[in-house]
$ cat coords36.cif   # mmCIF, N, CA and C atoms
data_work
#
loop_
_atom_site.group_PDB
_atom_site.id
_atom_site.type_symbol
_atom_site.label_atom_id
_atom_site.label_comp_id
_atom_site.auth_asym_id
_atom_site.auth_seq_id
_atom_site.Cartn_x
_atom_site.Cartn_y
_atom_site.Cartn_z
ATOM 1 N N MET F 1 0.847 -1.177 0.000
ATOM 2 C CA MET F 1 0.000 0.000 0.000
ATOM 3 C C MET F 1 0.892 1.239 0.000
ATOM 4 N N PRO F 2 0.655 2.200 -0.908
ATOM 5 C CA PRO F 2 1.496 3.384 -0.962
ATOM 6 C C PRO F 2 1.224 4.338 0.194
ATOM 7 N N ILE F 3 2.182 5.200 0.441
ATOM 8 C CA ILE F 3 2.040 6.258 1.438
ATOM 9 C C ILE F 3 1.783 7.546 0.675
ATOM 10 N N ILE F 4 0.787 8.304 1.084
ATOM 11 C CA ILE F 4 0.454 9.553 0.414
ATOM 12 C C ILE F 4 0.738 10.693 1.369
ATOM 13 N N VAL F 5 1.488 11.690 0.898
ATOM 14 C CA VAL F 5 1.741 12.890 1.686
ATOM 15 C C VAL F 5 1.200 14.053 0.887
ATOM 16 N N GLY F 6 0.311 14.826 1.468
ATOM 17 C CA GLY F 6 -0.268 15.967 0.777
ATOM 18 C C GLY F 6 -1.661 15.646 0.266
ATOM 19 N N ASP F 7 -2.227 16.594 -0.503
ATOM 20 C CA ASP F 7 -3.555 16.367 -1.062
ATOM 21 C C ASP F 7 -3.425 15.860 -2.489
ATOM 22 N N ASP F 8 -4.522 15.782 -3.208
ATOM 23 C CA ASP F 8 -4.501 15.212 -4.553
ATOM 24 C C ASP F 8 -3.641 15.999 -5.530
ATOM 25 N N THR F 9 -3.493 17.302 -5.335
ATOM 26 C CA THR F 9 -2.708 18.099 -6.271
ATOM 27 C C THR F 9 -1.241 18.187 -5.871
ATOM 28 N N ASP F 10 -0.913 17.807 -4.641
ATOM 29 C CA ASP F 10 0.459 17.917 -4.164
ATOM 30 C C ASP F 10 0.811 16.661 -3.371
ATOM 31 N N SER F 11 0.776 15.527 -4.050
ATOM 32 C CA SER F 11 0.980 14.251 -3.367
ATOM 33 C C SER F 11 2.338 13.658 -3.694
ATOM 34 N N LEU F 12 2.858 12.942 -2.739
ATOM 35 C CA LEU F 12 4.075 12.179 -2.935
ATOM 36 C C LEU F 12 3.761 10.749 -2.577
ATOM 37 N N TRP F 13 3.871 9.883 -3.541
ATOM 38 C CA TRP F 13 3.570 8.475 -3.326
ATOM 39 C C TRP F 13 4.875 7.716 -3.173
ATOM 40 N N LEU F 14 4.992 6.925 -2.146
ATOM 41 C CA LEU F 14 6.155 6.071 -1.954
ATOM 42 C C LEU F 14 5.698 4.632 -1.994
ATOM 43 N N PRO F 15 6.253 3.830 -2.899
ATOM 44 C CA PRO F 15 5.933 2.403 -2.842
ATOM 45 C C PRO F 15 6.530 1.837 -1.559
ATOM 46 N N ALA F 16 6.366 0.582 -1.340
ATOM 47 C CA ALA F 16 6.868 -0.038 -0.118
ATOM 48 C C ALA F 16 8.300 0.408 0.132
ATOM 49 N N LEU F 17 8.575 0.838 1.362
ATOM 50 C CA LEU F 17 9.913 1.298 1.699
ATOM 51 C C LEU F 17 10.899 0.148 1.614
ATOM 52 N N GLN F 18 12.050 0.439 1.088
ATOM 53 C CA GLN F 18 13.091 -0.579 1.016
ATOM 54 C C GLN F 18 13.530 -0.914 2.430
ATOM 55 N N GLU F 19 13.730 -2.186 2.701
ATOM 56 C CA GLU F 19 14.095 -2.612 4.038
ATOM 57 C C GLU F 19 15.359 -1.910 4.498
ATOM 58 N N GLY F 20 15.311 -1.413 5.724
ATOM 59 C CA GLY F 20 16.494 -0.843 6.334
ATOM 60 C C GLY F 20 16.813 0.578 5.924
ATOM 61 N N ILE F 21 15.998 1.200 5.104
ATOM 62 C CA ILE F 21 16.283 2.544 4.634
ATOM 63 C C ILE F 21 15.302 3.514 5.284
ATOM 64 N N ASN F 22 15.816 4.603 5.815
ATOM 65 C CA ASN F 22 14.949 5.644 6.370
ATOM 66 C C ASN F 22 14.663 6.669 5.286
ATOM 67 N N LYS F 23 13.427 7.086 5.166
ATOM 68 C CA LYS F 23 13.037 8.092 4.180
ATOM 69 C C LYS F 23 12.517 9.307 4.935
ATOM 70 N N LYS F 24 12.895 10.495 4.488
ATOM 71 C CA LYS F 24 12.408 11.717 5.106
ATOM 72 C C LYS F 24 11.590 12.470 4.072
ATOM 73 N N VAL F 25 10.350 12.765 4.395
ATOM 74 C CA VAL F 25 9.441 13.436 3.485
ATOM 75 C C VAL F 25 8.827 14.617 4.212
ATOM 76 N N ARG F 26 9.156 15.815 3.750
ATOM 77 C CA ARG F 26 8.610 17.048 4.325
ATOM 78 C C ARG F 26 8.688 17.057 5.854
ATOM 79 N N GLY F 27 9.833 16.678 6.377
ATOM 80 C CA GLY F 27 10.032 16.746 7.818
ATOM 81 C C GLY F 27 9.576 15.528 8.589
ATOM 82 N N TYR F 28 8.875 14.605 7.944
ATOM 83 C CA TYR F 28 8.428 13.388 8.614
ATOM 84 C C TYR F 28 9.470 12.293 8.419
ATOM 85 N N GLN F 29 9.827 11.639 9.479
ATOM 86 C CA GLN F 29 10.772 10.528 9.388
ATOM 87 C C GLN F 29 9.972 9.241 9.258
ATOM 88 N N LEU F 30 10.147 8.551 8.151
ATOM 89 C CA LEU F 30 9.446 7.297 7.911
ATOM 90 C C LEU F 30 10.447 6.170 8.072
ATOM 91 N N LYS F 31 10.245 5.317 9.043
ATOM 92 C CA LYS F 31 11.164 4.221 9.283
ATOM 93 C C LYS F 31 10.416 2.906 9.135
ATOM 94 N N PRO F 32 10.956 2.012 8.324
ATOM 95 C CA PRO F 32 10.322 0.694 8.234
ATOM 96 C C PRO F 32 10.495 -0.046 9.547
ATOM 97 N N SER F 33 9.574 -0.920 9.833
ATOM 98 C CA SER F 33 9.636 -1.672 11.079
ATOM 99 C C SER F 33 10.552 -2.877 10.971
ATOM 100 N N VAL F 34 11.070 -3.130 9.791
ATOM 101 C CA VAL F 34 11.934 -4.287 9.576
ATOM 102 C C VAL F 34 13.323 -3.979 10.126
ATOM 103 N N THR F 35 13.842 -4.839 10.962
ATOM 104 C CA THR F 35 15.193 -4.665 11.499
ATOM 105 C C THR F 35 16.103 -5.805 11.095
ATOM 106 N N ASN F 36 15.565 -6.776 10.373
ATOM 107 C CA ASN F 36 16.333 -7.939 9.964
ATOM 108 C C ASN F 36 16.846 -7.726 8.543
ATOM 109 N N PHE F 37 17.991 -7.050 8.395
ATOM 110 C CA PHE F 37 18.544 -6.759 7.093
ATOM 111 C C PHE F 37 20.061 -6.672 7.199
ATOM 112 N N TRP F 38 20.747 -6.750 6.067
ATOM 113 C CA TRP F 38 22.205 -6.627 6.042
ATOM 114 C C TRP F 38 22.556 -5.168 5.863
ATOM 115 N N LYS F 39 23.424 -4.666 6.724
ATOM 116 C CA LYS F 39 23.832 -3.265 6.690
ATOM 117 C C LYS F 39 25.093 -3.111 5.850
ATOM 118 N N LEU F 40 25.241 -1.951 5.229
ATOM 119 C CA LEU F 40 26.432 -1.673 4.453
ATOM 120 C C LEU F 40 27.658 -1.501 5.347
ATOM 121 N N THR F 41 27.439 -1.222 6.606
ATOM 122 C CA THR F 41 28.548 -1.030 7.535
ATOM 123 C C THR F 41 28.812 -2.249 8.393
ATOM 124 N N GLY F 42 28.171 -3.358 8.090
ATOM 125 C CA GLY F 42 28.398 -4.597 8.830
ATOM 126 C C GLY F 42 27.291 -4.885 9.824
ATOM 127 N N ASN F 43 27.209 -6.131 10.251
ATOM 128 C CA ASN F 43 26.186 -6.566 11.194
ATOM 129 C C ASN F 43 26.852 -7.201 12.404
ATOM 130 N N ALA F 44 26.219 -7.044 13.529
ATOM 131 C CA ALA F 44 26.674 -7.693 14.762
ATOM 132 C C ALA F 44 25.622 -8.708 15.185
ATOM 133 N N GLY F 45 26.034 -9.695 15.941
ATOM 134 C CA GLY F 45 25.092 -10.672 16.472
ATOM 135 C C GLY F 45 24.655 -11.717 15.475
ATOM 136 N N THR F 46 25.410 -11.900 14.384
ATOM 137 C CA THR F 46 25.037 -12.932 13.418
ATOM 138 C C THR F 46 25.375 -14.309 13.980
ATOM 139 N N VAL F 47 24.656 -15.300 13.520
ATOM 140 C CA VAL F 47 24.838 -16.668 13.993
ATOM 141 C C VAL F 47 25.211 -17.543 12.805
ATOM 142 N N ASP F 48 26.373 -18.207 12.900
ATOM 143 C CA ASP F 48 26.812 -19.102 11.843
ATOM 144 C C ASP F 48 25.786 -20.213 11.656
ATOM 145 N N GLY F 49 25.429 -20.473 10.417
ATOM 146 C CA GLY F 49 24.438 -21.504 10.139
ATOM 147 C C GLY F 49 23.015 -20.981 10.118
ATOM 148 N N VAL F 50 22.810 -19.752 10.602
ATOM 149 C CA VAL F 50 21.482 -19.140 10.602
ATOM 150 C C VAL F 50 21.467 -17.941 9.662
ATOM 151 N N ASN F 51 22.402 -17.019 9.844
ATOM 152 C CA ASN F 51 22.465 -15.808 9.035
ATOM 153 C C ASN F 51 23.392 -16.033 7.843
ATOM 154 N N PHE F 52 22.998 -15.512 6.688
ATOM 155 C CA PHE F 52 23.810 -15.688 5.482
ATOM 156 C C PHE F 52 23.444 -14.633 4.457
ATOM 157 N N ILE F 53 24.323 -14.446 3.504
ATOM 158 C CA ILE F 53 24.024 -13.642 2.328
ATOM 159 C C ILE F 53 23.788 -14.640 1.208
ATOM 160 N N GLY F 54 22.640 -14.620 0.618
ATOM 161 C CA GLY F 54 22.337 -15.582 -0.428
ATOM 162 C C GLY F 54 20.871 -15.588 -0.768
ATOM 163 N N THR F 55 20.441 -16.657 -1.410
ATOM 164 C CA THR F 55 19.049 -16.788 -1.818
ATOM 165 C C THR F 55 18.419 -17.973 -1.101
ATOM 166 N N THR F 56 17.119 -17.937 -0.961
ATOM 167 C CA THR F 56 16.398 -19.061 -0.361
ATOM 168 C C THR F 56 15.532 -19.777 -1.400
ATOM 169 N N ASP F 57 15.628 -19.336 -2.636
ATOM 170 C CA ASP F 57 14.956 -20.041 -3.725
ATOM 171 C C ASP F 57 16.037 -20.608 -4.648
ATOM 172 N N ASP F 58 15.659 -21.205 -5.715
ATOM 173 C CA ASP F 58 16.621 -21.844 -6.614
ATOM 174 C C ASP F 58 17.068 -20.862 -7.694
ATOM 175 N N ARG F 59 17.498 -19.693 -7.271
ATOM 176 C CA ARG F 59 17.958 -18.659 -8.188
ATOM 177 C C ARG F 59 19.442 -18.400 -7.943
ATOM 178 N N PRO F 60 20.200 -18.027 -8.967
ATOM 179 C CA PRO F 60 21.622 -17.744 -8.786
ATOM 180 C C PRO F 60 21.849 -16.528 -7.892
ATOM 181 N N LEU F 61 22.994 -16.508 -7.247
ATOM 182 C CA LEU F 61 23.442 -15.355 -6.467
ATOM 183 C C LEU F 61 24.422 -14.596 -7.342
ATOM 184 N N ASN F 62 24.136 -13.322 -7.595
ATOM 185 C CA ASN F 62 24.961 -12.502 -8.483
ATOM 186 C C ASN F 62 25.594 -11.350 -7.725
ATOM 187 N N PHE F 63 26.806 -10.991 -8.139
ATOM 188 C CA PHE F 63 27.518 -9.837 -7.607
ATOM 189 C C PHE F 63 27.847 -8.911 -8.763
ATOM 190 N N ARG F 64 27.831 -7.605 -8.484
ATOM 191 C CA ARG F 64 28.175 -6.619 -9.510
ATOM 192 C C ARG F 64 29.087 -5.558 -8.919
ATOM 193 N N VAL F 65 29.965 -5.034 -9.761
ATOM 194 C CA VAL F 65 30.813 -3.897 -9.432
ATOM 195 C C VAL F 65 30.603 -2.876 -10.533
ATOM 196 N N ASN F 66 30.238 -1.662 -10.171
ATOM 197 C CA ASN F 66 29.942 -0.626 -11.162
ATOM 198 C C ASN F 66 28.893 -1.122 -12.156
ATOM 199 N N ASN F 67 27.950 -1.912 -11.665
ATOM 200 C CA ASN F 67 26.847 -2.508 -12.421
ATOM 201 C C ASN F 67 27.335 -3.460 -13.527
ATOM 202 N N VAL F 68 28.534 -4.008 -13.355
ATOM 203 C CA VAL F 68 29.089 -5.001 -14.286
ATOM 204 C C VAL F 68 29.228 -6.311 -13.527
ATOM 205 N N LYS F 69 28.906 -7.411 -14.190
ATOM 206 C CA LYS F 69 28.991 -8.711 -13.530
ATOM 207 C C LYS F 69 30.373 -8.929 -12.921
ATOM 208 N N ALA F 70 30.381 -9.374 -11.669
ATOM 209 C CA ALA F 70 31.637 -9.614 -10.963
ATOM 210 C C ALA F 70 31.591 -10.918 -10.180
ATOM 211 N N GLY F 71 30.519 -11.664 -10.298
ATOM 212 C CA GLY F 71 30.442 -12.946 -9.616
ATOM 213 C C GLY F 71 29.081 -13.580 -9.785
ATOM 214 N N ARG F 72 29.070 -14.908 -9.754
ATOM 215 C CA ARG F 72 27.806 -15.643 -9.891
ATOM 216 C C ARG F 72 28.008 -17.046 -9.329
ATOM 217 N N ILE F 73 27.060 -17.457 -8.520
ATOM 218 C CA ILE F 73 27.020 -18.826 -8.017
ATOM 219 C C ILE F 73 25.653 -19.375 -8.400
ATOM 220 N N GLN F 74 25.643 -20.454 -9.154
ATOM 221 C CA GLN F 74 24.370 -21.004 -9.592
ATOM 222 C C GLN F 74 24.376 -22.524 -9.455
ATOM 223 N N ARG F 75 23.279 -23.047 -8.943
ATOM 224 C CA ARG F 75 23.131 -24.494 -8.800
ATOM 225 C C ARG F 75 22.820 -25.132 -10.144
ATOM 226 N N VAL F 76 21.821 -24.595 -10.835
ATOM 227 C CA VAL F 76 21.483 -25.106 -12.165
ATOM 228 C C VAL F 76 22.589 -24.657 -13.113
ATOM 229 N N GLY F 77 23.254 -25.577 -13.719
ATOM 230 C CA GLY F 77 24.411 -25.276 -14.557
ATOM 231 C C GLY F 77 25.717 -25.457 -13.813
ATOM 232 N N GLU F 78 25.630 -25.500 -12.500
ATOM 233 C CA GLU F 78 26.779 -25.774 -11.636
ATOM 234 C C GLU F 78 27.973 -24.881 -11.938
ATOM 235 N N ASN F 79 27.746 -23.572 -12.048
ATOM 236 C CA ASN F 79 28.810 -22.625 -12.357
ATOM 237 C C ASN F 79 29.111 -21.727 -11.166
ATOM 238 N N VAL F 80 30.386 -21.393 -11.025
ATOM 239 C CA VAL F 80 30.844 -20.429 -10.035
ATOM 240 C C VAL F 80 31.828 -19.507 -10.728
ATOM 241 N N TYR F 81 31.524 -18.218 -10.730
ATOM 242 C CA TYR F 81 32.400 -17.214 -11.318
ATOM 243 C C TYR F 81 32.660 -16.143 -10.276
ATOM 244 N N LEU F 82 33.905 -15.721 -10.161
ATOM 245 C CA LEU F 82 34.242 -14.646 -9.236
ATOM 246 C C LEU F 82 35.367 -13.835 -9.842
ATOM 247 N N GLY F 83 35.096 -12.596 -10.149
ATOM 248 C CA GLY F 83 36.063 -11.689 -10.756
ATOM 249 C C GLY F 83 35.344 -10.733 -11.677
ATOM 250 N N TYR F 84 35.915 -9.571 -11.874
ATOM 251 C CA TYR F 84 35.296 -8.566 -12.730
ATOM 252 C C TYR F 84 35.131 -9.122 -14.138
ATOM 253 N N GLU F 85 33.909 -9.156 -14.616
ATOM 254 C CA GLU F 85 33.503 -9.681 -15.920
ATOM 255 C C GLU F 85 33.762 -11.183 -16.077
ATOM 256 N N ALA F 86 33.924 -11.892 -14.993
ATOM 257 C CA ALA F 86 34.120 -13.347 -15.061
ATOM 258 C C ALA F 86 32.839 -14.024 -15.515
ATOM 259 N N GLY F 87 32.962 -15.011 -16.389
ATOM 260 C CA GLY F 87 31.824 -15.788 -16.850
ATOM 261 C C GLY F 87 30.930 -15.109 -17.853
ATOM 262 N N LEU F 88 31.339 -13.967 -18.378
ATOM 263 C CA LEU F 88 30.479 -13.234 -19.319
ATOM 264 C C LEU F 88 30.168 -14.042 -20.572
ATOM 265 N N ASN F 89 31.116 -14.820 -21.047
ATOM 266 C CA ASN F 89 30.926 -15.533 -22.309
ATOM 267 C C ASN F 89 30.808 -17.036 -22.109
ATOM 268 N N ALA F 90 30.512 -17.472 -20.910
ATOM 269 C CA ALA F 90 30.424 -18.908 -20.631
ATOM 270 C C ALA F 90 29.202 -19.501 -21.319
ATOM 271 N N THR F 91 29.381 -20.652 -21.944
ATOM 272 C CA THR F 91 28.283 -21.330 -22.623
ATOM 273 C C THR F 91 28.100 -22.764 -22.152
ATOM 274 N N SER F 92 28.995 -23.241 -21.307
ATOM 275 C CA SER F 92 28.887 -24.627 -20.834
ATOM 276 C C SER F 92 28.542 -24.647 -19.351
ATOM 277 N N SER F 93 28.504 -25.833 -18.770
ATOM 278 C CA SER F 93 28.165 -25.957 -17.363
ATOM 279 C C SER F 93 29.315 -26.584 -16.592
ATOM 280 N N ALA F 94 29.174 -26.626 -15.274
ATOM 281 C CA ALA F 94 30.164 -27.195 -14.355
ATOM 282 C C ALA F 94 31.493 -26.466 -14.461
ATOM 283 N N ASN F 95 31.434 -25.116 -14.449
ATOM 284 C CA ASN F 95 32.632 -24.275 -14.548
ATOM 285 C C ASN F 95 32.940 -23.613 -13.224
ATOM 286 N N VAL F 96 34.222 -23.425 -12.957
ATOM 287 C CA VAL F 96 34.704 -22.569 -11.883
ATOM 288 C C VAL F 96 35.727 -21.647 -12.505
ATOM 289 N N ALA F 97 35.486 -20.340 -12.458
ATOM 290 C CA ALA F 97 36.390 -19.370 -13.050
ATOM 291 C C ALA F 97 36.613 -18.242 -12.058
ATOM 292 N N ILE F 98 37.871 -17.954 -11.783
ATOM 293 C CA ILE F 98 38.205 -16.902 -10.827
ATOM 294 C C ILE F 98 39.230 -15.986 -11.465
ATOM 295 N N GLY F 99 38.944 -14.686 -11.431
ATOM 296 C CA GLY F 99 39.872 -13.697 -11.956
ATOM 297 C C GLY F 99 39.210 -12.769 -12.949
ATOM 298 N N TYR F 100 39.940 -11.743 -13.348
ATOM 299 C CA TYR F 100 39.472 -10.742 -14.300
ATOM 300 C C TYR F 100 39.152 -11.398 -15.643
ATOM 301 N N ARG F 101 37.913 -11.273 -16.072
ATOM 302 C CA ARG F 101 37.410 -11.830 -17.330
ATOM 303 C C ARG F 101 37.653 -13.335 -17.468
ATOM 304 N N ALA F 102 37.705 -14.021 -16.359
ATOM 305 C CA ALA F 102 37.947 -15.468 -16.388
ATOM 306 C C ALA F 102 36.758 -16.194 -16.991
#
$ encode --input "coords36.cif" --output "structure tokens"
Amino acid sequence: MPIIVGDDTDSLWLPALQEGINKKVRGYQLKPSVTNFWKLTGNAGTVDGVNFIGTTDDRPLNFRVNNVKAGRIQRVGENVYLGYEAGLNATSSANVAIGYRA
């Protein structure tokens, strides 16, 4: 459900707030109630085997640097790439490539 600030002629609509991000609109501080997120400055109190960076569905985990592919871990195809532009031209499966344009 969107948040509306103002009347019909002067409205600001915000879609669902991104987890962990505070938004300030015309002096109002809007804080999501979600506290379970990964911070850019690090997290404390994580538990090995419980907390992780990854996916919970059968989708690949991708990394980017400057919006360019820099890593990918995928179960389907069994590929692991880590490095700037690594795996860009891969066409086969069961690959492990590490390094720049590997």
$ resolve_selection --input "coords36.cif" --expression "the PyMOL selection byres ((chain F and resi 58) around 8)" --output "VMD selection string"
chain F and resid 55 to 57 59 to 61 74 to 76
$ residues_around --input "coords36.cif" --residues "Ile98 in chain F" --least-positions-apart "5" --cutoff "6.5 Å" --atoms "only N, CA and C atoms" --output "ChimeraX atom specification"
/F:80-83
$ residues_around --input "coords36.cif" --residues "Tyr84 in chain F" --least-positions-apart "6" --cutoff "6.5 Å" --atoms "all atoms listed in the file" --output "ChimeraX atom specification"
/F:69-71,99-102
$ axis_aligned_box --input "coords36.cif" --around "range 78-88 of chain F" --padding-each-side "5 Å" --output "AutoDock Vina command-line options"
--center_x 30.8 --center_y -17.2 --center_z -14.9 --size_x 20.4 --size_y 27.2 --size_z 21.3
$ atom_distance --input "coords36.cif" --atom1 "CA of Asn66 in chain F" --atom2 "CA of Asn43 in chain F"
23.4 Å
$ atom_distance --input "coords36.cif" --atom1 "atom N of Arg72 in chain F" --atom2 "CA of Ile53 in chain F"
13.2 Å
$ atom_distance --input "coords36.cif" --atom1 "atom C of Lys39 in chain F" --atom2 "CA of Gly54 in chain F"
14.2 Å
